$ cat coords.pdb   # PDB, C-alpha atoms and all ligand atoms
MODEL        1
ATOM      1  CA  MET J 207     290.470 205.051 -52.568  1.00  0.00           C
ATOM      2  CA  SER J 208     291.602 201.912 -50.755  1.00  0.00           C
ATOM      3  CA  ASP J 209     291.152 198.403 -52.154  1.00  0.00           C
ATOM      4  CA  LYS J 210     288.571 197.681 -49.482  1.00  0.00           C
ATOM      5  CA  GLU J 211     286.189 200.391 -50.641  1.00  0.00           C
ATOM      6  CA  TYR J 212     285.869 198.699 -54.012  1.00  0.00           C
ATOM      7  CA  ILE J 213     284.741 195.325 -52.721  1.00  0.00           C
ATOM      8  CA  ILE J 214     281.414 194.376 -54.235  1.00  0.00           C
ATOM      9  CA  THR J 215     278.981 193.350 -51.557  1.00  0.00           C
ATOM     10  CA  GLU J 216     275.705 192.904 -53.393  1.00  0.00           C
ATOM     11  CA  SER J 217     274.750 189.351 -54.168  1.00  0.00           C
ATOM     12  CA  TYR J 218     275.387 188.133 -57.666  1.00  0.00           C
ATOM     13  CA  ASN J 219     273.725 185.017 -58.985  1.00  0.00           C
ATOM     14  CA  PRO J 220     275.825 183.206 -61.613  1.00  0.00           C
ATOM     15  CA  GLN J 221     272.831 181.078 -62.623  1.00  0.00           C
ATOM     16  CA  GLU J 222     270.873 184.202 -63.606  1.00  0.00           C
ATOM     17  CA  ARG J 223     273.690 185.045 -65.985  1.00  0.00           C
ATOM     18  CA  VAL J 224     273.515 181.565 -67.505  1.00  0.00           C
ATOM     19  CA  ASP J 225     269.711 181.687 -67.737  1.00  0.00           C
ATOM     20  CA  ALA J 226     270.080 184.832 -69.851  1.00  0.00           C
ATOM     21  CA  PHE J 227     272.024 182.811 -72.451  1.00  0.00           C
ATOM     22  CA  GLN J 228     268.650 181.618 -73.734  1.00  0.00           C
ATOM     23  CA  LYS J 229     268.269 184.999 -75.442  1.00  0.00           C
ATOM     24  CA  LEU J 230     271.343 184.293 -77.537  1.00  0.00           C
ATOM     25  CA  GLU J 231     271.261 182.589 -80.907  1.00  0.00           C
ATOM     26  CA  PRO J 232     271.481 178.812 -80.334  1.00  0.00           C
ATOM     27  CA  GLU J 233     274.997 177.443 -80.803  1.00  0.00           C
ATOM     28  CA  PHE J 234     276.270 180.783 -82.133  1.00  0.00           C
ATOM     29  CA  TRP J 235     279.843 179.671 -81.377  1.00  0.00           C
ATOM     30  CA  LYS J 236     279.629 176.921 -83.993  1.00  0.00           C
ATOM     31  CA  HIS J 237     279.385 179.236 -86.973  1.00  0.00           C
ATOM     32  CA  LYS J 238     280.725 182.591 -85.788  1.00  0.00           C
ATOM     33  CA  LYS J 239     284.347 183.509 -85.415  1.00  0.00           C
ATOM     34  CA  LEU J 240     285.336 185.284 -82.226  1.00  0.00           C
ATOM     35  CA  GLU J 241     285.630 188.580 -84.097  1.00  0.00           C
ATOM     36  CA  GLU J 242     282.038 188.240 -85.370  1.00  0.00           C
ATOM     37  CA  MET J 243     280.447 187.773 -81.960  1.00  0.00           C
ATOM     38  CA  SER J 244     278.309 190.353 -80.211  1.00  0.00           C
ATOM     39  CA  LYS J 245     279.339 191.615 -76.820  1.00  0.00           C
ATOM     40  CA  ASP J 246     276.783 189.356 -75.111  1.00  0.00           C
ATOM     41  CA  GLU J 247     277.968 186.326 -77.061  1.00  0.00           C
ATOM     42  CA  TRP J 248     281.565 187.102 -76.207  1.00  0.00           C
ATOM     43  CA  GLU J 249     280.749 187.452 -72.523  1.00  0.00           C
ATOM     44  CA  ALA J 250     278.790 184.201 -72.525  1.00  0.00           C
ATOM     45  CA  LEU J 251     281.883 182.276 -73.589  1.00  0.00           C
ATOM     46  CA  CYS J 252     283.576 182.905 -70.260  1.00  0.00           C
ATOM     47  CA  ASP J 253     282.855 179.886 -68.083  1.00  0.00           C
ATOM     48  CA  GLY J 254     283.956 181.687 -64.908  1.00  0.00           C
ATOM     49  CA  CYS J 255     286.650 179.129 -64.071  1.00  0.00           C
ATOM     50  CA  GLY J 256     288.897 181.769 -62.499  1.00  0.00           C
ATOM     51  CA  LYS J 257     292.072 180.211 -63.868  1.00  0.00           C
ATOM     52  CA  CYS J 258     293.127 183.347 -65.732  1.00  0.00           C
ATOM     53  CA  CYS J 259     293.360 185.044 -62.315  1.00  0.00           C
ATOM     54  CA  LEU J 260     296.271 182.862 -61.219  1.00  0.00           C
ATOM     55  CA  ASN J 261     299.682 184.492 -61.263  1.00  0.00           C
ATOM     56  CA  LYS J 262     301.986 183.284 -64.000  1.00  0.00           C
ATOM     57  CA  LEU J 263     305.661 183.381 -64.864  1.00  0.00           C
ATOM     58  CA  GLU J 264     307.263 183.347 -68.272  1.00  0.00           C
ATOM     59  CA  ILE J 265     310.229 180.997 -68.225  1.00  0.00           C
ATOM     60  CA  LYS J 266     312.240 180.193 -71.355  1.00  0.00           C
ATOM     61  CA  GLY J 267     309.404 181.358 -73.597  1.00  0.00           C
ATOM     62  CA  LYS J 268     306.699 179.331 -71.861  1.00  0.00           C
ATOM     63  CA  ILE J 269     304.043 180.376 -69.406  1.00  0.00           C
ATOM     64  CA  LYS J 270     304.119 178.613 -66.069  1.00  0.00           C
ATOM     65  CA  PHE J 271     301.003 178.940 -63.940  1.00  0.00           C
ATOM     66  CA  THR J 272     301.241 179.183 -60.185  1.00  0.00           C
ATOM     67  CA  ASN J 273     298.552 178.348 -57.647  1.00  0.00           C
ATOM     68  CA  ALA J 274     298.859 181.876 -56.251  1.00  0.00           C
ATOM     69  CA  TYR J 275     295.673 183.765 -56.987  1.00  0.00           C
ATOM     70  CA  CYS J 276     294.997 187.453 -57.366  1.00  0.00           C
ATOM     71  CA  ARG J 277     293.999 188.862 -54.000  1.00  0.00           C
ATOM     72  CA  PHE J 278     290.695 190.047 -55.436  1.00  0.00           C
ATOM     73  CA  LEU J 279     289.499 186.637 -56.531  1.00  0.00           C
ATOM     74  CA  ASP J 280     286.830 184.941 -54.447  1.00  0.00           C
ATOM     75  CA  CYS J 281     288.165 181.382 -54.596  1.00  0.00           C
ATOM     76  CA  GLN J 282     284.851 179.719 -53.834  1.00  0.00           C
ATOM     77  CA  SER J 283     282.698 181.434 -56.427  1.00  0.00           C
ATOM     78  CA  CYS J 284     285.699 182.203 -58.703  1.00  0.00           C
ATOM     79  CA  LEU J 285     284.319 185.727 -59.125  1.00  0.00           C
ATOM     80  CA  CYS J 286     286.350 188.919 -59.164  1.00  0.00           C
ATOM     81  CA  LYS J 287     285.433 190.981 -56.119  1.00  0.00           C
ATOM     82  CA  ILE J 288     286.199 194.217 -57.917  1.00  0.00           C
ATOM     83  CA  TYR J 289     285.061 193.384 -61.430  1.00  0.00           C
ATOM     84  CA  ASP J 290     283.886 196.857 -62.415  1.00  0.00           C
ATOM     85  CA  HIS J 291     287.077 198.478 -61.152  1.00  0.00           C
ATOM     86  CA  ARG J 292     289.612 195.748 -61.845  1.00  0.00           C
ATOM     87  CA  PHE J 293     291.715 197.660 -64.345  1.00  0.00           C
ATOM     88  CA  GLU J 294     291.973 200.693 -62.075  1.00  0.00           C
ATOM     89  CA  VAL J 295     292.956 198.663 -59.024  1.00  0.00           C
ATOM     90  CA  VAL J 296     295.142 195.964 -60.580  1.00  0.00           C
ATOM     91  CA  PRO J 297     297.320 197.388 -63.367  1.00  0.00           C
ATOM     92  CA  ASP J 298     298.290 193.958 -64.709  1.00  0.00           C
ATOM     93  CA  CYS J 299     294.747 192.566 -64.773  1.00  0.00           C
ATOM     94  CA  ARG J 300     294.143 191.683 -68.418  1.00  0.00           C
ATOM     95  CA  ASP J 301     291.108 192.416 -70.517  1.00  0.00           C
ATOM     96  CA  ILE J 302     290.133 189.211 -72.311  1.00  0.00           C
ATOM     97  CA  ASN J 303     290.029 190.434 -75.891  1.00  0.00           C
ATOM     98  CA  LEU J 304     291.148 188.964 -79.203  1.00  0.00           C
ATOM     99  CA  GLU J 305     294.687 190.175 -78.731  1.00  0.00           C
ATOM    100  CA  ALA J 306     294.887 188.504 -75.332  1.00  0.00           C
ATOM    101  CA  VAL J 307     293.435 185.270 -76.692  1.00  0.00           C
ATOM    102  CA  ARG J 308     295.992 185.150 -79.507  1.00  0.00           C
ATOM    103  CA  GLU J 309     298.989 186.223 -77.502  1.00  0.00           C
ATOM    104  CA  LYS J 310     301.982 183.939 -77.559  1.00  0.00           C
ATOM    105  CA  PRO J 311     303.097 182.262 -75.461  1.00  0.00           C
ATOM    106  CA  ARG J 312     299.582 181.165 -74.494  1.00  0.00           C
ATOM    107  CA  TRP J 313     298.686 182.440 -71.047  1.00  0.00           C
ATOM    108  CA  LEU J 314     295.016 181.451 -70.914  1.00  0.00           C
ATOM    109  CA  PRO J 315     294.314 177.932 -69.632  1.00  0.00           C
ATOM    110  CA  LYS J 316     293.728 175.333 -72.307  1.00  0.00           C
ATOM    111  CA  THR J 317     290.124 174.922 -71.122  1.00  0.00           C
ATOM    112  CA  CYS J 318     289.342 178.575 -71.810  1.00  0.00           C
ATOM    113  CA  ALA J 319     286.528 178.807 -74.356  1.00  0.00           C
ATOM    114  CA  TYR J 320     288.092 181.768 -76.142  1.00  0.00           C
ATOM    115  CA  TRP J 321     291.313 179.915 -76.736  1.00  0.00           C
ATOM    116  CA  LEU J 322     289.540 176.653 -77.630  1.00  0.00           C
ATOM    117  CA  LEU J 323     287.255 178.199 -80.245  1.00  0.00           C
ATOM    118  CA  ASP J 324     289.983 180.342 -81.733  1.00  0.00           C
ATOM    119  CA  ASN J 325     292.085 177.221 -82.193  1.00  0.00           C
ATOM    120  CA  GLY J 326     289.402 175.139 -83.884  1.00  0.00           C
ATOM    121  CA  TYR J 327     288.126 173.177 -80.882  1.00  0.00           C
ATOM    122  CA  ASP J 328     284.523 172.941 -79.685  1.00  0.00           C
ATOM    123  CA  LEU J 329     283.287 173.904 -76.246  1.00  0.00           C
ATOM    124  CA  PRO J 330     283.768 171.226 -73.584  1.00  0.00           C
ATOM    125  CA  ASP J 331     280.635 169.363 -72.522  1.00  0.00           C
ATOM    126  CA  TRP J 332     280.730 170.961 -69.063  1.00  0.00           C
ATOM    127  CA  HIS J 333     280.561 174.519 -70.412  1.00  0.00           C
ATOM    128  CA  PRO J 334     277.506 176.451 -69.126  1.00  0.00           C
ATOM    129  CA  LEU J 335     276.453 177.223 -72.704  1.00  0.00           C
ATOM    130  CA  ILE J 336     276.058 173.459 -73.176  1.00  0.00           C
ATOM    131  CA  THR J 337     274.751 172.423 -69.762  1.00  0.00           C
ATOM    132  CA  GLY J 338     272.642 175.487 -68.944  1.00  0.00           C
ATOM    133  CA  LYS J 339     274.119 175.336 -65.455  1.00  0.00           C
ATOM    134  CA  ALA J 340     276.630 177.765 -63.971  1.00  0.00           C
ATOM    135  CA  SER J 341     277.604 175.066 -61.472  1.00  0.00           C
ATOM    136  CA  SER J 342     278.739 172.560 -64.107  1.00  0.00           C
ATOM    137  CA  VAL J 343     282.203 174.156 -64.299  1.00  0.00           C
ATOM    138  CA  THR J 344     282.939 173.435 -60.654  1.00  0.00           C
ATOM    139  CA  GLU J 345     281.032 170.151 -60.577  1.00  0.00           C
ATOM    140  CA  SER J 346     283.186 168.827 -63.402  1.00  0.00           C
ATOM    141  CA  GLY J 347     286.364 169.921 -61.609  1.00  0.00           C
ATOM    142  CA  ASN J 348     287.180 172.665 -64.076  1.00  0.00           C
ATOM    143  CA  SER J 349     287.065 175.757 -61.888  1.00  0.00           C
ATOM    144  CA  LEU J 350     289.513 176.813 -59.187  1.00  0.00           C
ATOM    145  CA  SER J 351     286.976 176.066 -56.485  1.00  0.00           C
ATOM    146  CA  GLY J 352     288.218 173.402 -54.065  1.00  0.00           C
ATOM    147  CA  ARG J 353     291.837 173.477 -55.253  1.00  0.00           C
ATOM    148  CA  GLU J 354     294.875 174.097 -53.121  1.00  0.00           C
ATOM    149  CA  LEU J 355     295.528 177.787 -53.633  1.00  0.00           C
ATOM    150  CA  VAL J 356     297.510 180.529 -51.966  1.00  0.00           C
ATOM    151  CA  ASN J 357     296.696 184.225 -51.782  1.00  0.00           C
ATOM    152  CA  GLU J 358     299.332 186.202 -53.708  1.00  0.00           C
ATOM    153  CA  THR J 359     299.868 188.443 -50.689  1.00  0.00           C
ATOM    154  CA  LYS J 360     301.489 185.475 -48.896  1.00  0.00           C
ATOM    155  CA  VAL J 361     303.934 184.761 -51.712  1.00  0.00           C
ATOM    156  CA  GLN J 362     307.580 185.765 -51.661  1.00  0.00           C
ATOM    157  CA  ASP J 363     308.914 183.804 -54.621  1.00  0.00           C
ATOM    158  CA  TYR J 364     306.384 182.770 -57.283  1.00  0.00           C
ATOM    159  CA  GLU J 365     308.721 180.056 -58.534  1.00  0.00           C
ATOM    160  CA  ASP J 366     307.902 178.122 -55.362  1.00  0.00           C
ATOM    161  CA  TYR J 367     304.236 177.995 -56.389  1.00  0.00           C
ATOM    162  CA  ILE J 368     304.432 176.735 -59.965  1.00  0.00           C
ATOM    163  CA  VAL J 369     301.820 174.059 -60.654  1.00  0.00           C
ATOM    164  CA  ASP J 370     301.500 171.566 -63.478  1.00  0.00           C
ATOM    165  CA  TRP J 371     297.765 170.984 -63.569  1.00  0.00           C
ATOM    166  CA  GLN J 372     296.552 169.236 -66.697  1.00  0.00           C
ATOM    167  CA  ASP J 373     293.948 171.872 -67.488  1.00  0.00           C
ATOM    168  CA  LEU J 374     296.369 174.804 -67.585  1.00  0.00           C
TER     169      LEU J 374
HETATM  170  S1  LIG V   1     290.200 181.366 -68.177  1.00  0.00           S
HETATM  171 FE1  LIG V   1     288.792 181.950 -69.791  1.00  0.00          FE
HETATM  172  S2  LIG V   1     286.879 180.937 -69.261  1.00  0.00           S
HETATM  173 FE2  LIG V   1     288.145 180.919 -67.393  1.00  0.00          FE
HETATM  174  S3  LIG V   1     287.548 182.775 -66.263  1.00  0.00           S
HETATM  175 FE3  LIG V   1     289.298 183.316 -67.573  1.00  0.00          FE
HETATM  176  S4  LIG V   1     288.404 184.132 -69.462  1.00  0.00           S
HETATM  177 FE4  LIG V   1     286.790 183.012 -68.386  1.00  0.00          FE
HETATM  178  S1  LIG V   2     291.417 191.945 -60.550  1.00  0.00           S
HETATM  179 FE1  LIG V   2     291.678 190.823 -62.491  1.00  0.00          FE
HETATM  180  S2  LIG V   2     293.113 189.157 -61.979  1.00  0.00           S
HETATM  181 FE2  LIG V   2     292.272 189.939 -60.035  1.00  0.00          FE
HETATM  182  S3  LIG V   2     290.509 188.664 -59.582  1.00  0.00           S
HETATM  183 FE3  LIG V   2     289.765 190.458 -60.695  1.00  0.00          FE
HETATM  184  S4  LIG V   2     289.710 189.811 -62.869  1.00  0.00           S
HETATM  185 FE4  LIG V   2     291.022 188.340 -61.747  1.00  0.00          FE
ENDMDL
END

$ encode --input "coords.pdb" --output "structure tokens" --more "lines below"
Ligand code: SF4
Ligand code: SF4
Amino acid sequence: MSDKEYIITESYNPQERVDAFQKLEPEFWKHKKLEEMSKDEWEALCDGCGKCCLNKLEIKGKIKFTNAYCRFLDCQSCLCKIYDHRFEVVPDCRDINLEAVREKPRWLPKTCAYWLLDNGYDLPDWHPLITGKASSVTESGNSLSGRELVNETKVQDYEDYIVDWQDL
């Protein structure tokens, strides 16, 4: 099957996902460890920033992010176009599980809720679990939307695309 046949075309409403958070226990993240969370609670922690879908390099034991994004990322909505098939289509697409969150060197952005909570920090005030709005991630400048990005298919040498954004 070609990549194109996987592309999700049906409309997806990120606000509906955030509205469904109301069914979750209030402020569950304040007293549960990551390993104690239900699947729905775990999923709700993802703010949809898209930053984990940037290509990265490991140089001298540190992760360097580039502004080259996975070709299946929709850079406006920061959604994966092939979410249900991502591991079949992109062999190095990573499942965000405990092992990934705790991997060293850190490869998730420092705004990522999984990494923050696992390292003793609280959720940022722009997180949809706090604001009740899916749009608050982009409105606060914390998603990839509106940034200068390049599709990975245009990249020859990733070292030319290393970025030093404060939120990575
Ligand atoms: S970096 Fe973290 S919060 Fe952002 S999209 Fe990836 S898993 Fe979700
Ligand atoms: S395939 Fe993986 S890395 Fe690519 S956009 Fe989807 S979730 Fe992100």

$ atom_distance --input "coords.pdb" --atom1 "atom CA of Lys287 of chain J" --atom2 "atom CA of Pro220 of chain J"
13.5 Å

$ residues_near_ligand --input "coords.pdb" --ligand "ligand LIG 2 (chain V)" --cutoff "12 Å" --atoms "all atoms listed in the file" --output "JSON, numbers by chain"
{"J": [209, 212, 213, 214, 252, 254, 255, 256, 257, 258, 259, 260, 261, 262, 274, 275, 276, 277, 278, 279, 280, 281, 283, 284, 285, 286, 287, 288, 289, 290, 291, 292, 293, 294, 295, 296, 297, 298, 299, 300, 301, 302, 314, 350, 357, 358]}

$ residues_around --input "coords.pdb" --residues "Ile368 of chain J" --least-positions-apart "2" --cutoff "12 Å" --atoms "all atoms listed in the file" --output "NGL selection string"
:J and (260-265 or 269-275 or 355-356 or 361 or 363-366 or 370-371 or 374)

$ write_last_selection --input "coords.pdb" --atoms "C-alpha atoms" --output "PDB file, keeping the file's coordinate frame"
ATOM      1  CA  LEU J 260     296.271 182.862 -61.219  1.00  0.00           C
ATOM      2  CA  ASN J 261     299.682 184.492 -61.263  1.00  0.00           C
ATOM      3  CA  LYS J 262     301.986 183.284 -64.000  1.00  0.00           C
ATOM      4  CA  LEU J 263     305.661 183.381 -64.864  1.00  0.00           C
ATOM      5  CA  GLU J 264     307.263 183.347 -68.272  1.00  0.00           C
ATOM      6  CA  ILE J 265     310.229 180.997 -68.225  1.00  0.00           C
ATOM      7  CA  ILE J 269     304.043 180.376 -69.406  1.00  0.00           C
ATOM      8  CA  LYS J 270     304.119 178.613 -66.069  1.00  0.00           C
ATOM      9  CA  PHE J 271     301.003 178.940 -63.940  1.00  0.00           C
ATOM     10  CA  THR J 272     301.241 179.183 -60.185  1.00  0.00           C
ATOM     11  CA  ASN J 273     298.552 178.348 -57.647  1.00  0.00           C
ATOM     12  CA  ALA J 274     298.859 181.876 -56.251  1.00  0.00           C
ATOM     13  CA  TYR J 275     295.673 183.765 -56.987  1.00  0.00           C
ATOM     14  CA  LEU J 355     295.528 177.787 -53.633  1.00  0.00           C
ATOM     15  CA  VAL J 356     297.510 180.529 -51.966  1.00  0.00           C
ATOM     16  CA  VAL J 361     303.934 184.761 -51.712  1.00  0.00           C
ATOM     17  CA  ASP J 363     308.914 183.804 -54.621  1.00  0.00           C
ATOM     18  CA  TYR J 364     306.384 182.770 -57.283  1.00  0.00           C
ATOM     19  CA  GLU J 365     308.721 180.056 -58.534  1.00  0.00           C
ATOM     20  CA  ASP J 366     307.902 178.122 -55.362  1.00  0.00           C
ATOM     21  CA  ASP J 370     301.500 171.566 -63.478  1.00  0.00           C
ATOM     22  CA  TRP J 371     297.765 170.984 -63.569  1.00  0.00           C
ATOM     23  CA  LEU J 374     296.369 174.804 -67.585  1.00  0.00           C
TER      24      LEU J 374
END

$ resolve_selection --input "coords.pdb" --expression "the PyMOL selection byres (((chain J and resi 221-232) around 10) and not hetatm)" --output "list in words"
Tyr218, Asn219, Pro220, Glu233, Phe234, Trp235, Lys236, Ser244, Asp246, Glu247, Glu249, Ala250, Leu251, Asp253, Pro334, Leu335, Thr337, Gly338, Lys339, Ala340 and Ser341 of chain J

$ atom_distance --input "coords.pdb" --atom1 "atom CA of Leu323 of chain J" --atom2 "atom S4 of ligand LIG 1 (chain V)"
12.4 Å

$ resolve_selection --input "coords.pdb" --expression "the PyMOL selection byres (((chain J and resi 316) around 6) and not hetatm)" --output "ChimeraX atom specification"
/J:315,317-318,373-374

$ closest_residue --input "coords.pdb" --among "J:Asn325, J:Ser349, J:Gln372, J:Thr359" --to "ligand LIG 1 (chain V)" --atoms "only C-alpha atoms and all ligand atoms"
J:Ser349

$ closest_residue --input "coords.pdb" --among "J:Asn303, J:Gln362, J:Gln282, J:Ser342" --to "ligand LIG 1 (chain V)" --atoms "only C-alpha atoms and all ligand atoms"
J:Asn303

$ atom_distance --input "coords.pdb" --atom1 "atom CA of Ser351 of chain J" --atom2 "atom CA of Gly267 of chain J"
28.7 Å

$ axis_aligned_box --input "coords.pdb" --around "ligand LIG 1 (chain V)" --padding-each-side "5 Å" --output "JSON"
{"center_x": 288.5, "center_y": 182.5, "center_z": -68.0, "size_x": 13.4, "size_y": 13.2, "size_z": 13.5}

$ closest_residue --input "coords.pdb" --among "J:Glu345, J:Asp324, J:Val307, J:Gly352" --to "ligand LIG 1 (chain V)" --atoms "all atoms listed in the file"
J:Val307

$ closest_residue --input "coords.pdb" --among "J:Lys360, J:Tyr367, J:Val343, J:Lys266" --to "ligand LIG 1 (chain V)" --atoms "only C-alpha atoms and all ligand atoms"
J:Val343

$ closest_residue --input "coords.pdb" --among "J:Ile336, J:Tyr320, J:Glu354, J:Glu309" --to "Lys268 of chain J" --atoms "all atoms listed in the file"
J:Glu309

$ decode --input "coords.pdb" --residues "segment 211-277 of chain J" --atoms "C-alpha atoms" --output "PDB file, in the first residue's frame"
ATOM      1  CA  GLU J 211      -3.666   5.472   0.618  1.00  0.00           C
ATOM      2  CA  TYR J 212      -3.225   5.849   4.358  1.00  0.00           C
ATOM      3  CA  ILE J 213      -3.941   9.561   4.527  1.00  0.00           C
ATOM      4  CA  ILE J 214      -6.817  10.247   6.877  1.00  0.00           C
ATOM      5  CA  THR J 215      -9.393  12.429   5.219  1.00  0.00           C
ATOM      6  CA  GLU J 216     -12.260  12.526   7.684  1.00  0.00           C
ATOM      7  CA  SER J 217     -12.488  15.636   9.785  1.00  0.00           C
ATOM      8  CA  TYR J 218     -11.175  15.427  13.300  1.00  0.00           C
ATOM      9  CA  ASN J 219     -12.090  18.011  15.887  1.00  0.00           C
ATOM     10  CA  PRO J 220      -9.371  18.508  18.524  1.00  0.00           C
ATOM     11  CA  GLN J 221     -11.796  20.432  20.745  1.00  0.00           C
ATOM     12  CA  GLU J 222     -14.093  17.393  20.962  1.00  0.00           C
ATOM     13  CA  ARG J 223     -11.153  15.448  22.334  1.00  0.00           C
ATOM     14  CA  VAL J 224     -10.529  18.137  24.949  1.00  0.00           C
ATOM     15  CA  ASP J 225     -14.230  18.347  25.843  1.00  0.00           C
ATOM     16  CA  ALA J 226     -14.102  14.629  26.653  1.00  0.00           C
ATOM     17  CA  PHE J 227     -11.503  15.349  29.365  1.00  0.00           C
ATOM     18  CA  GLN J 228     -14.418  16.349  31.593  1.00  0.00           C
ATOM     19  CA  LYS J 229     -15.117  12.640  32.092  1.00  0.00           C
ATOM     20  CA  LEU J 230     -11.707  12.204  33.678  1.00  0.00           C
ATOM     21  CA  GLU J 231     -11.032  12.568  37.377  1.00  0.00           C
ATOM     22  CA  PRO J 232     -10.264  16.249  38.088  1.00  0.00           C
ATOM     23  CA  GLU J 233      -6.538  16.969  38.317  1.00  0.00           C
ATOM     24  CA  PHE J 234      -5.669  13.258  38.168  1.00  0.00           C
ATOM     25  CA  TRP J 235      -2.102  14.179  37.170  1.00  0.00           C
ATOM     26  CA  LYS J 236      -1.484  15.798  40.554  1.00  0.00           C
ATOM     27  CA  HIS J 237      -1.695  12.600  42.560  1.00  0.00           C
ATOM     28  CA  LYS J 238      -1.115   9.781  40.076  1.00  0.00           C
ATOM     29  CA  LYS J 239       2.214   8.678  38.734  1.00  0.00           C
ATOM     30  CA  LEU J 240       2.437   8.086  35.005  1.00  0.00           C
ATOM     31  CA  GLU J 241       2.433   4.325  35.556  1.00  0.00           C
ATOM     32  CA  GLU J 242      -0.839   4.563  37.526  1.00  0.00           C
ATOM     33  CA  MET J 243      -2.788   6.403  34.845  1.00  0.00           C
ATOM     34  CA  SER J 244      -5.551   4.878  32.764  1.00  0.00           C
ATOM     35  CA  LYS J 245      -5.230   4.830  29.016  1.00  0.00           C
ATOM     36  CA  ASP J 246      -7.585   7.815  28.693  1.00  0.00           C
ATOM     37  CA  GLU J 247      -5.648   9.786  31.292  1.00  0.00           C
ATOM     38  CA  TRP J 248      -2.387   8.991  29.559  1.00  0.00           C
ATOM     39  CA  GLU J 249      -3.756  10.092  26.201  1.00  0.00           C
ATOM     40  CA  ALA J 250      -5.123  13.310  27.677  1.00  0.00           C
ATOM     41  CA  LEU J 251      -1.633  14.375  28.723  1.00  0.00           C
ATOM     42  CA  CYS J 252      -0.550  14.819  25.122  1.00  0.00           C
ATOM     43  CA  ASP J 253      -1.052  18.481  24.277  1.00  0.00           C
ATOM     44  CA  GLY J 254      -0.721  17.848  20.532  1.00  0.00           C
ATOM     45  CA  CYS J 255       2.220  20.231  20.116  1.00  0.00           C
ATOM     46  CA  GLY J 256       3.751  18.117  17.346  1.00  0.00           C
ATOM     47  CA  LYS J 257       7.301  18.722  18.533  1.00  0.00           C
ATOM     48  CA  CYS J 258       8.065  15.030  18.986  1.00  0.00           C
ATOM     49  CA  CYS J 259       7.533  14.674  15.218  1.00  0.00           C
ATOM     50  CA  LEU J 260      10.586  16.780  14.395  1.00  0.00           C
ATOM     51  CA  ASN J 261      13.648  14.889  13.236  1.00  0.00           C
ATOM     52  CA  LYS J 262      16.481  14.768  15.729  1.00  0.00           C
ATOM     53  CA  LEU J 263      20.171  13.971  15.795  1.00  0.00           C
ATOM     54  CA  GLU J 264      22.216  12.594  18.642  1.00  0.00           C
ATOM     55  CA  ILE J 265      25.498  14.469  18.833  1.00  0.00           C
ATOM     56  CA  LYS J 266      28.031  13.863  21.607  1.00  0.00           C
ATOM     57  CA  GLY J 267      25.381  12.274  23.817  1.00  0.00           C
ATOM     58  CA  LYS J 268      22.839  15.070  23.418  1.00  0.00           C
ATOM     59  CA  ILE J 269      19.729  15.277  21.306  1.00  0.00           C
ATOM     60  CA  LYS J 270      19.633  18.112  18.816  1.00  0.00           C
ATOM     61  CA  PHE J 271      16.241  18.916  17.334  1.00  0.00           C
ATOM     62  CA  THR J 272      15.909  20.028  13.747  1.00  0.00           C
ATOM     63  CA  ASN J 273      13.071  22.010  12.202  1.00  0.00           C
ATOM     64  CA  ALA J 274      12.584  19.218   9.661  1.00  0.00           C
ATOM     65  CA  TYR J 275       9.261  17.544  10.304  1.00  0.00           C
ATOM     66  CA  CYS J 276       8.036  14.064   9.530  1.00  0.00           C
ATOM     67  CA  ARG J 277       6.357  14.088   6.141  1.00  0.00           C
TER      68      ARG J 277
END
